[in-house]
Structure formats: structure tokens, C-alpha cells
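Student: Here you go, structure-v6.csv (CSV, C-alpha atoms and all ligand atoms):
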```csv
chain,number,residue,atom,x,y,z
A,21,MET,CA,144.0,-155.6,-124.0
A,22,SER,CA,146.5,-156.8,-121.5
A,23,VAL,CA,145.3,-159.6,-119.3
A,24,THR,CA,147.4,-161.5,-116.8
A,25,ILE,CA,146.6,-165.0,-115.5
A,26,GLN,CA,147.8,-166.1,-112.1
A,27,GLY,CA,147.1,-168.6,-109.4
A,28,ALA,CA,144.6,-167.2,-106.9
A,29,ASP,CA,146.3,-165.7,-103.7
A,30,ALA,CA,144.9,-167.5,-100.7
A,31,ALA,CA,145.5,-164.4,-98.5
A,32,ASP,CA,143.5,-162.2,-100.8
A,33,ASN,CA,140.1,-162.0,-99.1
A,34,GLY,CA,138.6,-159.6,-101.6
A,35,LEU,CA,139.4,-162.1,-104.4
A,36,LEU,CA,137.8,-164.9,-102.4
A,37,GLU,CA,134.6,-162.9,-102.1
A,38,TRP,CA,134.7,-162.1,-105.8
A,39,CYS,CA,135.1,-165.8,-106.6
A,40,LEU,CA,132.3,-166.8,-104.2
A,41,GLU,CA,129.9,-164.4,-106.0
A,42,ARG,CA,130.5,-166.2,-109.3
A,43,ASP,CA,131.3,-169.8,-108.4
A,44,TYR,CA,128.8,-172.4,-107.1
A,45,ALA,CA,131.4,-173.8,-104.7
A,46,SER,CA,131.2,-173.1,-101.0
A,47,GLN,CA,133.8,-170.9,-99.2
A,48,GLU,CA,135.5,-174.0,-97.8
A,49,GLN,CA,135.7,-175.7,-101.2
A,50,LEU,CA,137.1,-172.6,-102.8
A,51,GLU,CA,139.7,-172.1,-100.1
A,52,ARG,CA,140.8,-175.7,-100.4
A,53,ALA,CA,141.0,-175.4,-104.2
A,54,THR,CA,143.0,-172.2,-103.9
A,55,HIS,CA,145.5,-173.9,-101.5
A,56,GLN,CA,145.8,-176.7,-103.9
A,57,GLY,CA,146.6,-174.3,-106.8
A,58,LEU,CA,143.4,-175.2,-108.6
A,59,VAL,CA,142.1,-171.6,-108.9
A,60,LEU,CA,143.4,-169.4,-111.7
A,61,VAL,CA,142.3,-165.7,-112.1
A,62,ALA,CA,142.5,-163.4,-115.0
A,63,ARG,CA,143.1,-159.7,-114.3
A,64,GLU,CA,143.0,-156.7,-116.5
A,65,ARG,CA,145.0,-154.1,-114.7
A,66,GLU,CA,143.7,-154.4,-111.1
A,67,THR,CA,140.3,-155.8,-112.0
A,68,HIS,CA,139.4,-159.4,-111.9
A,69,VAL,CA,137.8,-160.4,-115.1
A,70,GLY,CA,137.9,-164.2,-115.2
A,71,LEU,CA,138.1,-167.3,-113.1
A,72,LEU,CA,138.9,-171.0,-113.6
A,73,ARG,CA,138.6,-173.7,-111.0
A,74,GLY,CA,139.9,-177.1,-111.6
A,75,SER,CA,139.2,-180.3,-109.6
A,76,TRP,CA,140.2,-183.9,-109.5
A,77,LEU,CA,138.0,-186.8,-110.5
A,78,HIS,CA,138.8,-189.9,-108.3
A,79,GLU,CA,141.7,-187.8,-106.9
A,80,VAL,CA,143.8,-188.3,-110.0
A,81,VAL,CA,142.0,-187.2,-113.2
A,82,PRO,CA,141.9,-183.4,-113.8
A,83,MET,CA,138.4,-182.0,-114.4
A,84,LEU,CA,137.3,-178.5,-115.2
A,85,ALA,CA,134.9,-177.5,-112.5
A,86,LEU,CA,134.1,-173.9,-113.5
A,87,VAL,CA,135.1,-171.2,-116.0
A,88,TRP,CA,133.6,-167.8,-115.7
A,89,VAL,CA,134.4,-164.5,-117.5
A,90,GLU,CA,132.7,-161.1,-116.7
A,91,GLY,CA,130.1,-160.1,-119.2
A,92,ARG,CA,131.9,-157.1,-120.5
A,93,SER,CA,135.1,-159.1,-121.1
A,94,ARG,CA,133.7,-162.0,-123.1
A,95,ARG,CA,134.7,-163.0,-126.6
A,96,MET,CA,138.2,-161.7,-126.1
A,97,GLY,CA,139.9,-165.1,-125.5
A,98,ILE,CA,140.1,-164.9,-121.7
A,99,ALA,CA,138.4,-168.2,-120.9
A,100,ALA,CA,140.6,-169.9,-123.6
A,101,ALA,CA,143.7,-168.2,-122.0
A,102,LEU,CA,142.7,-169.5,-118.5
A,103,LEU,CA,142.3,-173.0,-119.9
A,104,ASP,CA,145.6,-172.7,-121.7
A,105,ALA,CA,147.3,-171.8,-118.5
A,106,TRP,CA,145.9,-174.8,-116.6
A,107,CYS,CA,146.6,-177.1,-119.6
A,108,ARG,CA,150.3,-176.1,-119.5
A,109,GLN,CA,150.5,-177.0,-115.8
A,110,LEU,CA,148.7,-180.3,-116.4
A,111,SER,CA,150.9,-181.2,-119.4
A,112,SER,CA,154.1,-180.4,-117.4
A,113,ALA,CA,152.9,-182.8,-114.7
A,114,GLY,CA,152.4,-185.5,-117.3
A,115,HIS,CA,148.6,-185.6,-117.6
A,116,PRO,CA,147.4,-186.9,-121.0
A,117,PHE,CA,143.9,-185.3,-120.9
A,118,LEU,CA,141.4,-183.4,-118.8
A,119,LEU,CA,137.7,-183.8,-118.5
A,120,SER,CA,134.8,-181.3,-118.3
A,121,SER,CA,131.1,-181.5,-118.5
A,122,SER,CA,128.0,-179.4,-119.1
A,123,THR,CA,124.3,-179.7,-118.9
A,124,ASP,CA,122.6,-180.9,-122.1
A,125,GLY,CA,121.0,-177.9,-123.8
A,126,GLU,CA,123.7,-175.3,-122.8
A,127,SER,CA,124.6,-174.2,-126.3
A,128,LEU,CA,127.1,-171.5,-125.1
A,129,SER,CA,129.0,-174.1,-123.1
A,130,ALA,CA,128.9,-176.6,-126.0
A,131,ALA,CA,130.3,-173.9,-128.4
A,132,TRP,CA,133.0,-172.9,-126.0
A,133,HIS,CA,134.1,-176.5,-125.3
A,134,ALA,CA,134.2,-177.3,-129.1
A,135,SER,CA,136.2,-174.2,-129.9
A,136,CYS,CA,138.8,-175.2,-127.3
A,137,GLY,CA,139.2,-178.6,-128.7
A,138,PHE,CA,137.1,-180.7,-126.3
A,139,GLU,CA,135.4,-183.8,-127.7
A,140,ARG,CA,132.3,-185.4,-126.4
A,141,CYS,CA,133.2,-188.6,-124.6
A,142,GLY,CA,130.0,-189.6,-122.9
A,143,GLU,CA,127.0,-188.6,-120.9
A,144,ILE,CA,125.3,-189.2,-117.6
A,145,ARG,CA,121.6,-189.6,-118.1
A,146,ASP,CA,119.1,-187.8,-115.7
A,147,TYR,CA,122.0,-186.4,-113.8
A,148,ASN,CA,120.5,-183.0,-113.0
A,149,GLU,CA,117.6,-182.2,-110.8
A,150,ASP,CA,115.5,-181.1,-113.8
A,151,GLY,CA,116.1,-184.5,-115.4
A,152,SER,CA,118.5,-183.2,-118.0
A,153,ASP,CA,121.6,-185.2,-119.0
A,154,GLU,CA,125.2,-184.2,-118.2
A,155,LEU,CA,127.4,-184.2,-121.2
A,156,LEU,CA,131.1,-185.2,-120.7
A,157,TYR,CA,134.0,-183.8,-122.6
A,158,ARG,CA,137.6,-184.7,-122.9
A,159,LEU,CA,140.5,-182.6,-124.1
A,160,ARG,CA,143.7,-184.4,-125.1
A,161,LEU,CA,146.6,-182.3,-123.9
A,162,SER,CA,149.0,-183.8,-126.5
A,163,ASP,CA,146.7,-182.5,-129.3
A,164,ARG,CA,146.8,-178.9,-128.2
A,165,SER,CA,148.9,-176.5,-130.2
A,166,ALA,CA,152.0,-175.0,-128.5
A,167,ALA,CA,150.6,-171.5,-129.1
A,168,GLY,CA,150.2,-169.3,-126.1
A,169,PRO,CA,147.0,-167.7,-124.8
A,170,SER,CA,145.3,-165.2,-127.0
A,171,ALA,CA,144.2,-162.7,-124.3
B,1,LIG,C1,131.5,-169.5,-121.5
B,1,LIG,C2,132.5,-168.4,-121.1
B,1,LIG,C3,133.4,-168.8,-120.0
B,1,LIG,C4,133.3,-168.0,-122.4
B,1,LIG,O1,134.3,-167.0,-122.0
B,1,LIG,P1,135.0,-166.1,-123.1
B,1,LIG,O2,136.2,-165.5,-122.4
B,1,LIG,O3,134.0,-165.2,-123.7
B,1,LIG,O4,135.4,-167.2,-124.1
B,1,LIG,P2,136.5,-167.1,-125.2
B,1,LIG,O5,136.7,-165.7,-125.6
B,1,LIG,O6,137.7,-167.8,-124.8
B,1,LIG,O7,135.8,-167.9,-126.4
B,1,LIG,C5,136.5,-168.8,-127.2
B,1,LIG,C6,135.6,-169.3,-128.2
B,1,LIG,O8,134.4,-170.0,-127.6
B,1,LIG,C7,133.3,-169.8,-128.5
B,1,LIG,N1,132.3,-168.9,-127.8
B,1,LIG,C8,132.5,-168.2,-126.6
B,1,LIG,N2,131.4,-167.5,-126.3
B,1,LIG,C9,130.5,-167.9,-127.3
B,1,LIG,C10,129.1,-167.5,-127.5
B,1,LIG,N3,128.5,-166.6,-126.6
B,1,LIG,N4,128.5,-168.0,-128.5
B,1,LIG,C11,129.1,-168.8,-129.4
B,1,LIG,N5,130.4,-169.2,-129.2
B,1,LIG,C12,131.0,-168.8,-128.2
B,1,LIG,C13,133.8,-169.1,-129.7
B,1,LIG,O9,134.2,-170.1,-130.6
B,1,LIG,C14,135.0,-168.3,-129.2
B,1,LIG,O10,135.9,-168.0,-130.2
B,1,LIG,P3,135.6,-166.6,-131.0
B,1,LIG,O11,135.3,-165.5,-130.1
B,1,LIG,O12,136.9,-166.4,-131.7
B,1,LIG,O13,134.5,-166.9,-131.9
B,1,LIG,C15,131.7,-167.1,-120.7
B,1,LIG,O14,130.7,-166.8,-121.8
B,1,LIG,C16,131.0,-167.2,-119.4
B,1,LIG,O15,131.6,-166.9,-118.4
B,1,LIG,N6,129.7,-167.6,-119.4
B,1,LIG,C17,128.9,-167.8,-118.2
B,1,LIG,C18,129.5,-169.0,-117.5
B,1,LIG,C19,129.3,-170.3,-118.3
B,1,LIG,O16,128.4,-170.5,-119.1
B,1,LIG,N7,130.3,-171.2,-118.1
B,1,LIG,C20,130.3,-172.5,-118.7
B,1,LIG,C21,131.3,-172.6,-119.7
B,1,LIG,S1,131.9,-174.2,-119.8
```
Could the structure of this file be written out as C-alpha cells, please?
Tutor:
Amino acid sequence: MSVTIQGADAADNGLLEWCLERDYASQEQLERATHQGLVLVARERETHVGLLRGSWLHEVVPMLALVWVEGRSRRMGIAAALLDAWCRQLSSAGHPFLLSSSTDGESLSAAWHASCGFERCGEIRDYNEDGSDELLYRLRLSDRSAAGPSA
């Protein structure tokens, strides 16, 4: 399988619509993130198969906002490859780590974070509307191997 990973093109309205159907962000938020270079897209030939949107905590700390891979394209390393691409950008810019989070009880998310090297670093109790906690993860960029994406 040949998958390419690129920053999202702000002029590509079809891509924006595709992202909006998968992301919880509003159109305005997605457009802003795209202009800031925070949206990465995985493509297999001409088909979009994965999406990563980064964000900034307190304007300075990188935080993973969303990673999504189409159902038929899962377990092929695409989410890991999207993460690798963003990590390389962050490392080059001198960031020592990035943060992420997931709702307590999301076993898929927990497994994916662990497999990518994230470590639990805290929680926010009663964060979600249903009363569940939000688990915080940290990925130390200096600990990551120099290996490239597997997709
Ligand atoms: C979570 C998600 C992004 C993973 O995408 P993916 O491209 O399939 O993930 P990868 O192929 O990079 O998986 C890397 C590793 O994560 C773990 N993993 C991924 N999916 C898993 C699953 N369903 N069950 C258990 N472990 C899983 C595995 O260790 C996997 O390595 P392996 O395939 O060699 O065993 C994808 O399932 C998805 O879009 N889910 C819906 C959105 C979502 O839940 N997002 C939250 C993620 S933080």
C-alpha cells in the first residue's frame, strides 16, 4: 500500500467537506487549523484515508486534537504515520513533547496511544458531559525512534 501524507490544502473545498464529516471541529476551526498547518491528511492514490488535526494548549504546547482513519484502511499504520509526520515537524521546531487525551473507557484510543509511545500523565475528573474523566497522555519527542512512517 502506498500512502502519502501532506498538509491539507486550504483551497481544496472537497477536502474540507471530507474533514468536516469526520472531525468534531466547526468549519471555521478547521479552516483556521488548516491555515496554521495543523491539519495533515493521508491519501491512498486520490482517496483521502486519514486525518490528523493538531492544536495548541495555552498557545504554546502542542496537543493532538483528532486522529481519524477510514474503517477499511485501519490497522495499516496510517494513524501512526500521520503522528510521525507531525512529530517530525514538532521536533524540528524544538518541542520536547506533545500532549493528547481521551475519554476514560475508550479502549481503542488507549491501545493506540500506548502503541505510539504515549504515557499517561494525568486526568481531569468529571470532564465530560456524561461524568467520565478525561485521561491525559504525553509523548516525549526525544524518545521516539528515528524510523520513518510504516504506512
Ligand atoms: C484509532 C485509529 C485512529 C487508529 O488508526 P489506525 O491507522 O488503524 O492505527 P495504526 O494502524 O497506526 O495502529 C497502530 C497501533 O495501534 C494499536 N491499535 C490500533 N487499532 C487498534 C484496535 N482496534 N485495537 C487494538 N489496538 C489497536 C495497535 O497496537 C496498532 O499496531 P498493530 O496494528 O501493529 O497491532 C482508528 O481506529 C480510528 O480512526 N478510530 C476512530 C477514531 C478514534 O477512535 N480516534 C481516537 C484515537 S486517539
Student: Point out the residue among A:Ala134, A:Leu58, A:Leu35, A:Leu128 with the least atom-to-atom distance to A:Arg95, counting only C-alpha atoms.
Tutor: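 Ranking A:Ala134, A:Leu58, A:Leu35, A:Leu128 by distance to A:Arg95, first place goes to A:Leu128.
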Student: Do you have the atom C16 of ligand LIG 1 (chain B)-atom CA of A:Leu72 distance handy?
Tutor: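 A separation of 10.5 Å between them.
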Student: Between A:His133, A:Arg158, A:Arg63, A:His55, which has the minimum distance to A:Val81 (counting all atoms listed in the file)?
Tutor: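 Checking each candidate against A:Val81, we get A:Arg158 as the closest.
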Student: Within 12 Å of ligand LIG 1 (chain B), which residues show up when you count all atoms listed in the file? List them as a VMD selection string, please.
Tutor: chain A and resid 23 42 to 44 61 to 62 69 to 74 83 to 104 119 to 138 155 to 157 169 to 171
Student: If we draw a sphere of 6 Å around (144.6, -166.8, -111.1), which residues have at least one atom in it when counting all atoms listed in the file? Please report them as a PyMOL selection string.
Tutor: chain A and resi 25-28+59-62
Student: Okay, now the selection with C-alpha atoms, as a tab-separated table (two decimals), keeping the file's coordinate frame?
Tutor:
```tsv
chain	number	residue	atom	x	y	z
A	25	ILE	CA	146.60	-165.00	-115.50
A	26	GLN	CA	147.80	-166.10	-112.10
A	27	GLY	CA	147.10	-168.60	-109.40
A	28	ALA	CA	144.60	-167.20	-106.90
A	59	VAL	CA	142.10	-171.60	-108.90
A	60	LEU	CA	143.40	-169.40	-111.70
A	61	VAL	CA	142.30	-165.70	-112.10
A	62	ALA	CA	142.50	-163.40	-115.00
```
Student: Within 9 Å of A:Ser162, counting all atoms listed in the file, which residues qualify if same-chain residues fewer than 4 places away don't, as number ranges by chain?
Tutor: A: 111, 116-117
Student: To one decimal in Å, tell me the separation between atom CA of A:Gly57 and atom CA of A:Leu159.
Tutor: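 Answer for the atom CA of A:Gly57 to atom CA of A:Leu159 separation: 20.1 Å.
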Student: Would you compute the distance between atom CA of A:His68 and atom CA of A:Leu110? Give it in Å to one decimal.
Tutor: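 We find that atom CA of A:His68 and atom CA of A:Leu110 lie 23.3 Å from each other.
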Student: Counting all atoms listed in the file, which of A:Cys141, A:Ser75, A:Asp163, A:Tyr147 gets nearest to A:Ala53?
Tutor: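 Answer, going by the shortest atom-to-atom distance: A:Ser75.
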Student: Which is closest to A:Val80 among A:Asp150, A:Gly142, A:Arg164, A:His115, if we use all atoms listed in the file?
Tutor: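 So, comparing all the options, the nearest one is A:His115.
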Student: Which one of A:Ala31, A:Ala45, A:Trp38, A:Thr24 sits closest to A:Arg65 if you count all atoms listed in the file?
Tutor: A:Thr24
Student: Some atoms are missing, so please complete stretch 27-53 of chain A with N, CA and C atoms and return it as an mmCIF file, keeping the file's coordinate frame.
Tutor:
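So the final result, stored in rebuild22.cif, reads:
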```
data_model
loop_
_atom_site.group_PDB
_atom_site.id
_atom_site.type_symbol
_atom_site.label_atom_id
_atom_site.label_comp_id
_atom_site.auth_asym_id
_atom_site.auth_seq_id
_atom_site.Cartn_x
_atom_site.Cartn_y
_atom_site.Cartn_z
ATOM 1 N N GLY A 27 147.727 -167.848 -110.463
ATOM 2 C CA GLY A 27 147.100 -168.600 -109.400
ATOM 3 C C GLY A 27 146.461 -167.668 -108.404
ATOM 4 N N ALA A 28 145.294 -168.014 -107.863
ATOM 5 C CA ALA A 28 144.600 -167.200 -106.900
ATOM 6 C C ALA A 28 145.486 -167.131 -105.588
ATOM 7 N N ASP A 29 145.534 -165.950 -104.975
ATOM 8 C CA ASP A 29 146.300 -165.700 -103.700
ATOM 9 C C ASP A 29 145.373 -166.075 -102.553
ATOM 10 N N ALA A 30 145.761 -167.092 -101.782
ATOM 11 C CA ALA A 30 144.900 -167.500 -100.700
ATOM 12 C C ALA A 30 144.729 -166.450 -99.611
ATOM 13 N N ALA A 31 145.637 -165.479 -99.565
ATOM 14 C CA ALA A 31 145.500 -164.400 -98.500
ATOM 15 C C ALA A 31 144.686 -163.246 -98.997
ATOM 16 N N ASP A 32 144.213 -163.278 -100.226
ATOM 17 C CA ASP A 32 143.500 -162.200 -100.800
ATOM 18 C C ASP A 32 141.951 -162.376 -100.529
ATOM 19 N N ASN A 33 141.458 -161.805 -99.425
ATOM 20 C CA ASN A 33 140.100 -162.000 -99.100
ATOM 21 C C ASN A 33 139.082 -161.386 -100.044
ATOM 22 N N GLY A 34 139.480 -160.255 -100.624
ATOM 23 C CA GLY A 34 138.600 -159.600 -101.600
ATOM 24 C C GLY A 34 138.441 -160.510 -102.833
ATOM 25 N N LEU A 35 139.510 -161.180 -103.225
ATOM 26 C CA LEU A 35 139.400 -162.100 -104.400
ATOM 27 C C LEU A 35 138.520 -163.285 -104.006
ATOM 28 N N LEU A 36 138.648 -163.793 -102.794
ATOM 29 C CA LEU A 36 137.800 -164.900 -102.400
ATOM 30 C C LEU A 36 136.323 -164.525 -102.485
ATOM 31 N N GLU A 37 135.996 -163.331 -102.018
ATOM 32 C CA GLU A 37 134.600 -162.900 -102.100
ATOM 33 C C GLU A 37 134.145 -162.743 -103.537
ATOM 34 N N TRP A 38 135.031 -162.217 -104.381
ATOM 35 C CA TRP A 38 134.700 -162.100 -105.800
ATOM 36 C C TRP A 38 134.410 -163.433 -106.419
ATOM 37 N N CYS A 39 135.245 -164.403 -106.093
ATOM 38 C CA CYS A 39 135.100 -165.800 -106.600
ATOM 39 C C CYS A 39 133.751 -166.363 -106.116
ATOM 40 N N LEU A 40 133.472 -166.164 -104.824
ATOM 41 C CA LEU A 40 132.300 -166.800 -104.200
ATOM 42 C C LEU A 40 130.994 -166.242 -104.883
ATOM 43 N N GLU A 41 131.033 -164.987 -105.355
ATOM 44 C CA GLU A 41 129.900 -164.400 -106.000
ATOM 45 C C GLU A 41 129.628 -165.019 -107.399
ATOM 46 N N ARG A 42 130.643 -165.695 -107.933
ATOM 47 C CA ARG A 42 130.500 -166.200 -109.300
ATOM 48 C C ARG A 42 130.564 -167.744 -109.376
ATOM 49 N N ASP A 43 131.105 -168.379 -108.369
ATOM 50 C CA ASP A 43 131.300 -169.800 -108.400
ATOM 51 C C ASP A 43 130.127 -170.449 -107.558
ATOM 52 N N TYR A 44 129.804 -171.700 -107.863
ATOM 53 C CA TYR A 44 128.800 -172.400 -107.100
ATOM 54 C C TYR A 44 129.414 -173.161 -105.902
ATOM 55 N N ALA A 45 130.733 -173.136 -105.801
ATOM 56 C CA ALA A 45 131.400 -173.800 -104.700
ATOM 57 C C ALA A 45 131.192 -173.057 -103.392
ATOM 58 N N SER A 46 131.306 -173.774 -102.280
ATOM 59 C CA SER A 46 131.200 -173.100 -101.000
ATOM 60 C C SER A 46 132.559 -172.445 -100.667
ATOM 61 N N GLN A 47 132.552 -171.608 -99.621
ATOM 62 C CA GLN A 47 133.800 -170.900 -99.200
ATOM 63 C C GLN A 47 134.886 -171.959 -98.885
ATOM 64 N N GLU A 48 134.495 -172.984 -98.157
ATOM 65 C CA GLU A 48 135.500 -174.000 -97.800
ATOM 66 C C GLU A 48 136.057 -174.709 -98.997
ATOM 67 N N GLN A 49 135.188 -175.028 -99.945
ATOM 68 C CA GLN A 49 135.700 -175.700 -101.200
ATOM 69 C C GLN A 49 136.597 -174.795 -101.957
ATOM 70 N N LEU A 50 136.218 -173.507 -102.034
ATOM 71 C CA LEU A 50 137.100 -172.600 -102.800
ATOM 72 C C LEU A 50 138.418 -172.367 -102.110
ATOM 73 N N GLU A 51 138.393 -172.267 -100.785
ATOM 74 C CA GLU A 51 139.700 -172.100 -100.100
ATOM 75 C C GLU A 51 140.552 -173.319 -100.266
ATOM 76 N N ARG A 52 139.973 -174.495 -100.203
ATOM 77 C CA ARG A 52 140.800 -175.700 -100.400
ATOM 78 C C ARG A 52 141.351 -175.760 -101.796
ATOM 79 N N ALA A 53 140.503 -175.439 -102.797
ATOM 80 C CA ALA A 53 141.000 -175.400 -104.200
ATOM 81 C C ALA A 53 142.102 -174.418 -104.383
#
```
